[in-house]
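Structure first, commentary second.
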Amino acid sequence: MSAVFSANLAKQLLELTPKLIRLPLSKVPFSLKAKVLSQLLEQLLAPQAEDGELDFLADKWVAIRVEDLQLYFEVSFNGRWQVRELTDAQVTFSAKSAELLLVAAAKEDPDTLFFQRKLSIEGDTELGLEVKNLLLSIEFASLPAPIRLSVEKLADAIVRLQLEAKPTVILAKSPA
């Protein structure tokens with residue numbers, strides 16, 4: 001298979017996969033998405049909740065915009081996770097699903113994505129930094145095995161596709 005064909009296929013997979021997920025996801029009622037998201041956050045951030053590290057989120061709302069999936073929601077923590085549709089968050093994080101997954105798998109640094117304009121943070125800068133630092137403090141290895149393995153496999157696939165999508169340039173050696 002030629003490098004150009006392989007690169008084009010990888011690019012198409014990176015672009016098409018979120019579109020394929022977006023349609024069925026859009027059919028799921030928000031109340032069900034909110035329930036799943038709050039349970040997932042509860043599981044992922046249980047140690048931080050027990051240590052009081054989530055207290056800074058009391059009465060504050062953080063919006064998450066997964067642009068390519070058209071998945072938009074806000075979260076807050078007041079002793080338990082609350083998830084609602086977008087209304088009036090103090091800070092908003094926006095990115096495509098691949099970038100967010102790579103951050104979750106600790107394969108990409110949020111600061112790098114921010115400076116590459118692949119991650120947008122708007123609103124209350126201080127709250128945004130606290131959220132970012134909270135996310136960076138999560139020990140990926142301590143996540144429940146099914147979640148950790150799923151995120152790892154998806155992130156590895158995305159990294160391989162991203163590398164494949166950038167064909168290498170072969171320079172011909174000039175005759176001497």
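All residue names refer to the structure tokens as shown: chains lettered A, B, ... in order, residues numbered from 1 in each chain, ligands numbered from 1 in order.
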As a PyMOL selection string, please: every residue in chain A that DSSP puts in alpha helix (DSSP H). chain A and resi 3-27+30-44+46-50+97-104+110-115+125-137+145-164
I'd like the neighbourhood of stretch 55-65 of chain A as a short mmCIF file (atom, residue, chain, number, x, y, z; two decimals) with N, CA, C and O atoms, in the first residue's frame, where a residue qualifies if any of its atoms comes within 6 Å (using only C-alpha atoms), though same-chain residues fewer than 5 positions away should be ignored.
data_model
loop_
_atom_site.label_atom_id
_atom_site.label_comp_id
_atom_site.auth_asym_id
_atom_site.auth_seq_id
_atom_site.Cartn_x
_atom_site.Cartn_y
_atom_site.Cartn_z
N TYR A 72 -22.12 18.66 24.28
CA TYR A 72 -21.89 19.86 25.07
C TYR A 72 -22.59 19.70 26.41
O TYR A 72 -23.78 19.37 26.46
N PHE A 73 -21.86 19.97 27.50
CA PHE A 73 -22.46 19.86 28.82
C PHE A 73 -21.64 20.66 29.83
O PHE A 73 -20.53 21.11 29.53
N GLU A 74 -22.22 20.85 31.02
CA GLU A 74 -21.54 21.52 32.12
C GLU A 74 -21.55 20.61 33.32
O GLU A 74 -22.49 19.83 33.52
N VAL A 75 -20.48 20.70 34.11
CA VAL A 75 -20.39 19.91 35.34
C VAL A 75 -20.07 20.81 36.52
O VAL A 75 -19.45 21.87 36.37
N SER A 76 -20.51 20.37 37.69
CA SER A 76 -20.20 21.03 38.95
C SER A 76 -20.14 19.95 40.02
O SER A 76 -20.66 18.85 39.83
N PHE A 77 -19.49 20.27 41.14
CA PHE A 77 -19.39 19.32 42.24
C PHE A 77 -19.74 20.02 43.54
O PHE A 77 -19.05 20.95 43.96
N ASN A 78 -20.84 19.59 44.14
CA ASN A 78 -21.28 20.08 45.45
C ASN A 78 -21.54 18.87 46.34
O ASN A 78 -22.67 18.59 46.73
N ALA A 89 -21.72 28.60 32.19
CA ALA A 89 -20.54 28.12 32.90
C ALA A 89 -19.54 29.26 33.12
O ALA A 89 -19.48 30.22 32.35
N GLN A 90 -18.72 29.12 34.18
CA GLN A 90 -17.68 30.10 34.45
C GLN A 90 -16.46 29.91 33.53
O GLN A 90 -15.74 30.85 33.24
N VAL A 91 -16.23 28.66 33.10
CA VAL A 91 -15.11 28.38 32.20
C VAL A 91 -15.55 27.29 31.22
O VAL A 91 -16.35 26.42 31.58
N THR A 92 -15.04 27.37 30.00
CA THR A 92 -15.40 26.41 28.96
C THR A 92 -14.15 25.81 28.34
O THR A 92 -13.24 26.55 27.93
N PHE A 93 -14.10 24.49 28.29
CA PHE A 93 -13.05 23.75 27.61
C PHE A 93 -13.64 23.20 26.31
O PHE A 93 -14.67 22.54 26.34
N SER A 94 -12.98 23.46 25.18
CA SER A 94 -13.45 22.98 23.88
C SER A 94 -12.31 22.28 23.15
O SER A 94 -11.19 22.80 23.11
#
DSSP strand (DSSP E) residues within stretch 4-174 of chain A, listed as a PyMOL selection string: chain A and resi 62-66+71-77+81-84+91-95+119-123
From the list A:Ala141, A:Ile147, A:Val159, A:Leu54, the nearest residue to A:Glu99 using only C-alpha atoms is A:Val159
- [ ] Would you mind listing what lies within 12 Å of stretch 10-21 of chain A as an MDAnalysis selection string, with only C-alpha atoms counted and same-chain residues fewer than 5 positions away left out?
- [x] chainID A and resid 3:5 26:28 66:71 96:99 154:155 157:167
Export of prior selection with N, CA and C atoms as a CSV table (one decimal), in the first residue's frame:
chain,number,residue,atom,x,y,z
A,3,ALA,N,2.3,5.0,0.6
A,3,ALA,CA,2.3,5.9,1.7
A,3,ALA,C,1.2,6.9,1.6
A,4,VAL,N,1.0,7.5,0.4
A,4,VAL,CA,0.0,8.5,0.2
A,4,VAL,C,-1.4,7.9,0.5
A,5,PHE,N,-1.7,6.7,-0.1
A,5,PHE,CA,-3.0,6.0,0.2
A,5,PHE,C,-3.2,5.8,1.6
A,26,SER,N,-26.4,11.6,19.3
A,26,SER,CA,-27.4,12.7,19.3
A,26,SER,C,-28.8,12.2,19.6
A,27,LYS,N,-29.0,10.9,19.4
A,27,LYS,CA,-30.3,10.3,19.7
A,27,LYS,C,-30.6,9.9,21.2
A,28,VAL,N,-29.5,9.9,21.9
A,28,VAL,CA,-29.5,9.5,23.3
A,28,VAL,C,-30.1,10.7,24.1
A,66,VAL,N,-17.3,19.0,23.3
A,66,VAL,CA,-16.6,18.0,22.4
A,66,VAL,C,-17.1,18.3,21.0
A,67,GLU,N,-16.4,19.2,20.3
A,67,GLU,CA,-16.9,19.8,19.1
A,67,GLU,C,-17.3,18.8,18.0
A,68,ASP,N,-16.4,17.8,17.7
A,68,ASP,CA,-16.7,16.9,16.6
A,68,ASP,C,-17.8,15.9,16.9
A,69,LEU,N,-18.1,15.7,18.2
A,69,LEU,CA,-19.2,14.8,18.6
A,69,LEU,C,-20.5,15.6,18.8
A,70,GLN,N,-20.4,16.9,18.8
A,70,GLN,CA,-21.5,17.8,19.2
A,70,GLN,C,-22.0,17.5,20.5
A,71,LEU,N,-21.1,17.2,21.5
A,71,LEU,CA,-21.5,16.8,22.8
A,71,LEU,C,-21.1,18.0,23.7
A,96,LYS,N,-11.7,18.7,20.1
A,96,LYS,CA,-12.2,17.5,19.4
A,96,LYS,C,-12.0,16.3,20.3
A,97,SER,N,-12.8,15.2,20.1
A,97,SER,CA,-12.7,14.0,20.9
A,97,SER,C,-11.4,13.4,20.9
A,98,ALA,N,-10.6,13.4,19.8
A,98,ALA,CA,-9.3,12.7,19.8
A,98,ALA,C,-8.4,13.4,20.8
A,99,GLU,N,-8.4,14.7,20.8
A,99,GLU,CA,-7.5,15.5,21.7
A,99,GLU,C,-7.8,15.2,23.1
A,154,LEU,N,-8.0,3.1,22.7
A,154,LEU,CA,-8.4,4.2,21.8
A,154,LEU,C,-7.3,5.2,21.5
A,155,ALA,N,-6.7,5.6,22.6
A,155,ALA,CA,-5.6,6.6,22.4
A,155,ALA,C,-4.5,6.1,21.6
A,157,ALA,N,-4.7,3.9,19.2
A,157,ALA,CA,-5.2,3.9,17.8
A,157,ALA,C,-5.2,5.3,17.2
A,158,ILE,N,-5.5,6.3,18.0
A,158,ILE,CA,-5.5,7.7,17.5
A,158,ILE,C,-4.1,8.1,17.2
A,159,VAL,N,-3.2,7.8,18.1
A,159,VAL,CA,-1.8,8.2,17.9
A,159,VAL,C,-1.2,7.5,16.6
A,160,ARG,N,-1.5,6.2,16.4
A,160,ARG,CA,-1.1,5.5,15.2
A,160,ARG,C,-1.7,6.2,14.0
A,161,LEU,N,-3.0,6.5,14.0
A,161,LEU,CA,-3.6,7.1,12.8
A,161,LEU,C,-3.0,8.5,12.6
A,162,GLN,N,-2.8,9.3,13.6
A,162,GLN,CA,-2.2,10.6,13.4
A,162,GLN,C,-0.8,10.5,12.8
A,163,LEU,N,0.0,9.5,13.2
A,163,LEU,CA,1.3,9.4,12.7
A,163,LEU,C,1.2,8.9,11.2
A,164,GLU,N,0.3,8.0,11.0
A,164,GLU,CA,0.1,7.5,9.6
A,164,GLU,C,-0.5,8.6,8.7
A,165,ALA,N,-1.2,9.5,9.2
A,165,ALA,CA,-1.8,10.6,8.4
A,165,ALA,C,-0.8,11.6,7.9
A,166,LYS,N,0.4,11.5,8.5
A,166,LYS,CA,1.4,12.4,8.1
A,166,LYS,C,2.5,11.6,7.3
A,167,PRO,N,2.3,11.6,6.0
A,167,PRO,CA,3.3,10.8,5.2
A,167,PRO,C,4.7,11.4,5.3
Mind checking which residues fall within 7 Å of stretch 33-39 of chain A, counting only C-alpha atoms, ignoring those fewer than 6 positions away in the same chain, and posting them as a ChimeraX atom specification? /A:81-84
Export, as a PDB file, in the first residue's frame, the selected residues with all heavy atoms.
ATOM      1  N   TRP A  81     -21.595  14.914  41.902  1.00  0.00           N
ATOM      2  CA  TRP A  81     -21.468  15.495  40.570  1.00  0.00           C
ATOM      3  C   TRP A  81     -22.827  15.887  40.024  1.00  0.00           C
ATOM      4  O   TRP A  81     -23.799  15.160  40.167  1.00  0.00           O
ATOM      5  CB  TRP A  81     -20.786  14.518  39.615  1.00  0.00           C
ATOM      6  CG  TRP A  81     -19.325  14.456  39.874  1.00  0.00           C
ATOM      7  CD1 TRP A  81     -18.664  13.488  40.565  1.00  0.00           C
ATOM      8  CD2 TRP A  81     -18.350  15.416  39.495  1.00  0.00           C
ATOM      9  NE1 TRP A  81     -17.333  13.803  40.636  1.00  0.00           N
ATOM     10  CE2 TRP A  81     -17.115  14.975  39.987  1.00  0.00           C
ATOM     11  CE3 TRP A  81     -18.400  16.613  38.786  1.00  0.00           C
ATOM     12  CZ2 TRP A  81     -15.939  15.678  39.789  1.00  0.00           C
ATOM     13  CZ3 TRP A  81     -17.226  17.316  38.586  1.00  0.00           C
ATOM     14  CH2 TRP A  81     -16.010  16.845  39.087  1.00  0.00           C
ATOM     15  N   GLN A  82     -22.866  17.042  39.417  1.00  0.00           N
ATOM     16  CA  GLN A  82     -24.052  17.509  38.718  1.00  0.00           C
ATOM     17  C   GLN A  82     -23.661  17.743  37.264  1.00  0.00           C
ATOM     18  O   GLN A  82     -22.589  18.289  36.986  1.00  0.00           O
ATOM     19  CB  GLN A  82     -24.554  18.813  39.319  1.00  0.00           C
ATOM     20  CG  GLN A  82     -24.944  18.692  40.777  1.00  0.00           C
ATOM     21  CD  GLN A  82     -25.177  20.060  41.392  1.00  0.00           C
ATOM     22  OE1 GLN A  82     -24.290  20.896  41.395  1.00  0.00           O
ATOM     23  NE2 GLN A  82     -26.387  20.271  41.889  1.00  0.00           N
ATOM     24  N   VAL A  83     -24.529  17.324  36.352  1.00  0.00           N
ATOM     25  CA  VAL A  83     -24.292  17.514  34.923  1.00  0.00           C
ATOM     26  C   VAL A  83     -25.561  18.127  34.341  1.00  0.00           C
ATOM     27  O   VAL A  83     -26.662  17.665  34.630  1.00  0.00           O
ATOM     28  CB  VAL A  83     -23.979  16.170  34.217  1.00  0.00           C
ATOM     29  CG1 VAL A  83     -23.763  16.385  32.722  1.00  0.00           C
ATOM     30  CG2 VAL A  83     -22.761  15.492  34.850  1.00  0.00           C
ATOM     31  N   ARG A  84     -25.382  19.172  33.545  1.00  0.00           N
ATOM     32  CA  ARG A  84     -26.535  19.811  32.906  1.00  0.00           C
ATOM     33  C   ARG A  84     -26.149  20.251  31.498  1.00  0.00           C
ATOM     34  O   ARG A  84     -24.962  20.277  31.139  1.00  0.00           O
ATOM     35  CB  ARG A  84     -27.026  20.998  33.733  1.00  0.00           C
ATOM     36  CG  ARG A  84     -26.060  22.175  33.759  1.00  0.00           C
ATOM     37  CD  ARG A  84     -26.567  23.307  34.617  1.00  0.00           C
ATOM     38  NE  ARG A  84     -25.690  24.471  34.499  1.00  0.00           N
ATOM     39  CZ  ARG A  84     -25.725  25.516  35.300  1.00  0.00           C
ATOM     40  NH1 ARG A  84     -26.598  25.546  36.296  1.00  0.00           N
ATOM     41  NH2 ARG A  84     -24.910  26.532  35.126  1.00  0.00           N
TER      42      ARG A  84
END
Quick one: residues within 10 Å of A:Ala105, only C-alpha atoms, excluding same-chain residues fewer than 3 positions away - as a PDB file with C-alpha atoms, in the first residue's frame?
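Output contents, as saved in result-v7.pdb:
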ATOM      1  CA  GLU A  99      -7.464  15.469  21.686  1.00  0.00           C
ATOM      2  CA  LEU A 100      -9.556  15.025  24.827  1.00  0.00           C
ATOM      3  CA  LEU A 101      -8.979  11.282  24.723  1.00  0.00           C
ATOM      4  CA  LEU A 102      -5.221  11.767  24.361  1.00  0.00           C
ATOM      5  CA  GLU A 108      -0.813  14.565  25.287  1.00  0.00           C
ATOM      6  CA  ASP A 109      -0.267  17.571  27.504  1.00  0.00           C
ATOM      7  CA  GLU A 139      -3.268   8.799  38.337  1.00  0.00           C
ATOM      8  CA  PHE A 140      -4.140   7.101  35.054  1.00  0.00           C
ATOM      9  CA  ALA A 141      -2.888   3.738  36.345  1.00  0.00           C
ATOM     10  CA  ARG A 148      -8.158   2.520  31.644  1.00  0.00           C
ATOM     11  CA  LEU A 149      -7.772  -0.220  29.019  1.00  0.00           C
ATOM     12  CA  SER A 150     -10.474   1.251  26.772  1.00  0.00           C
ATOM     13  CA  VAL A 151      -8.956   4.729  26.912  1.00  0.00           C
ATOM     14  CA  GLU A 152      -5.439   3.326  26.340  1.00  0.00           C
ATOM     15  CA  LYS A 153      -6.489   1.309  23.282  1.00  0.00           C
ATOM     16  CA  LEU A 154      -8.434   4.197  21.752  1.00  0.00           C
ATOM     17  CA  ALA A 155      -5.591   6.644  22.436  1.00  0.00           C
ATOM     18  CA  ASP A 156      -3.024   4.253  20.931  1.00  0.00           C
TER      19      ASP A 156
END
Between A:Ile138, A:Leu44, A:Ala106, A:Ala95, smallest distance to A:Glu122 by only C-alpha atoms belongs to A:Ala95
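Atom CA of A:Pro144 sits 27.1 Å away from atom CA of A:Leu127.
Each of A:Glu53, A:Leu143, A:Leu23, A:Thr112 was checked against A:Glu130 using only C-alpha atoms; the smallest atom-to-atom distance is that of A:Glu53.
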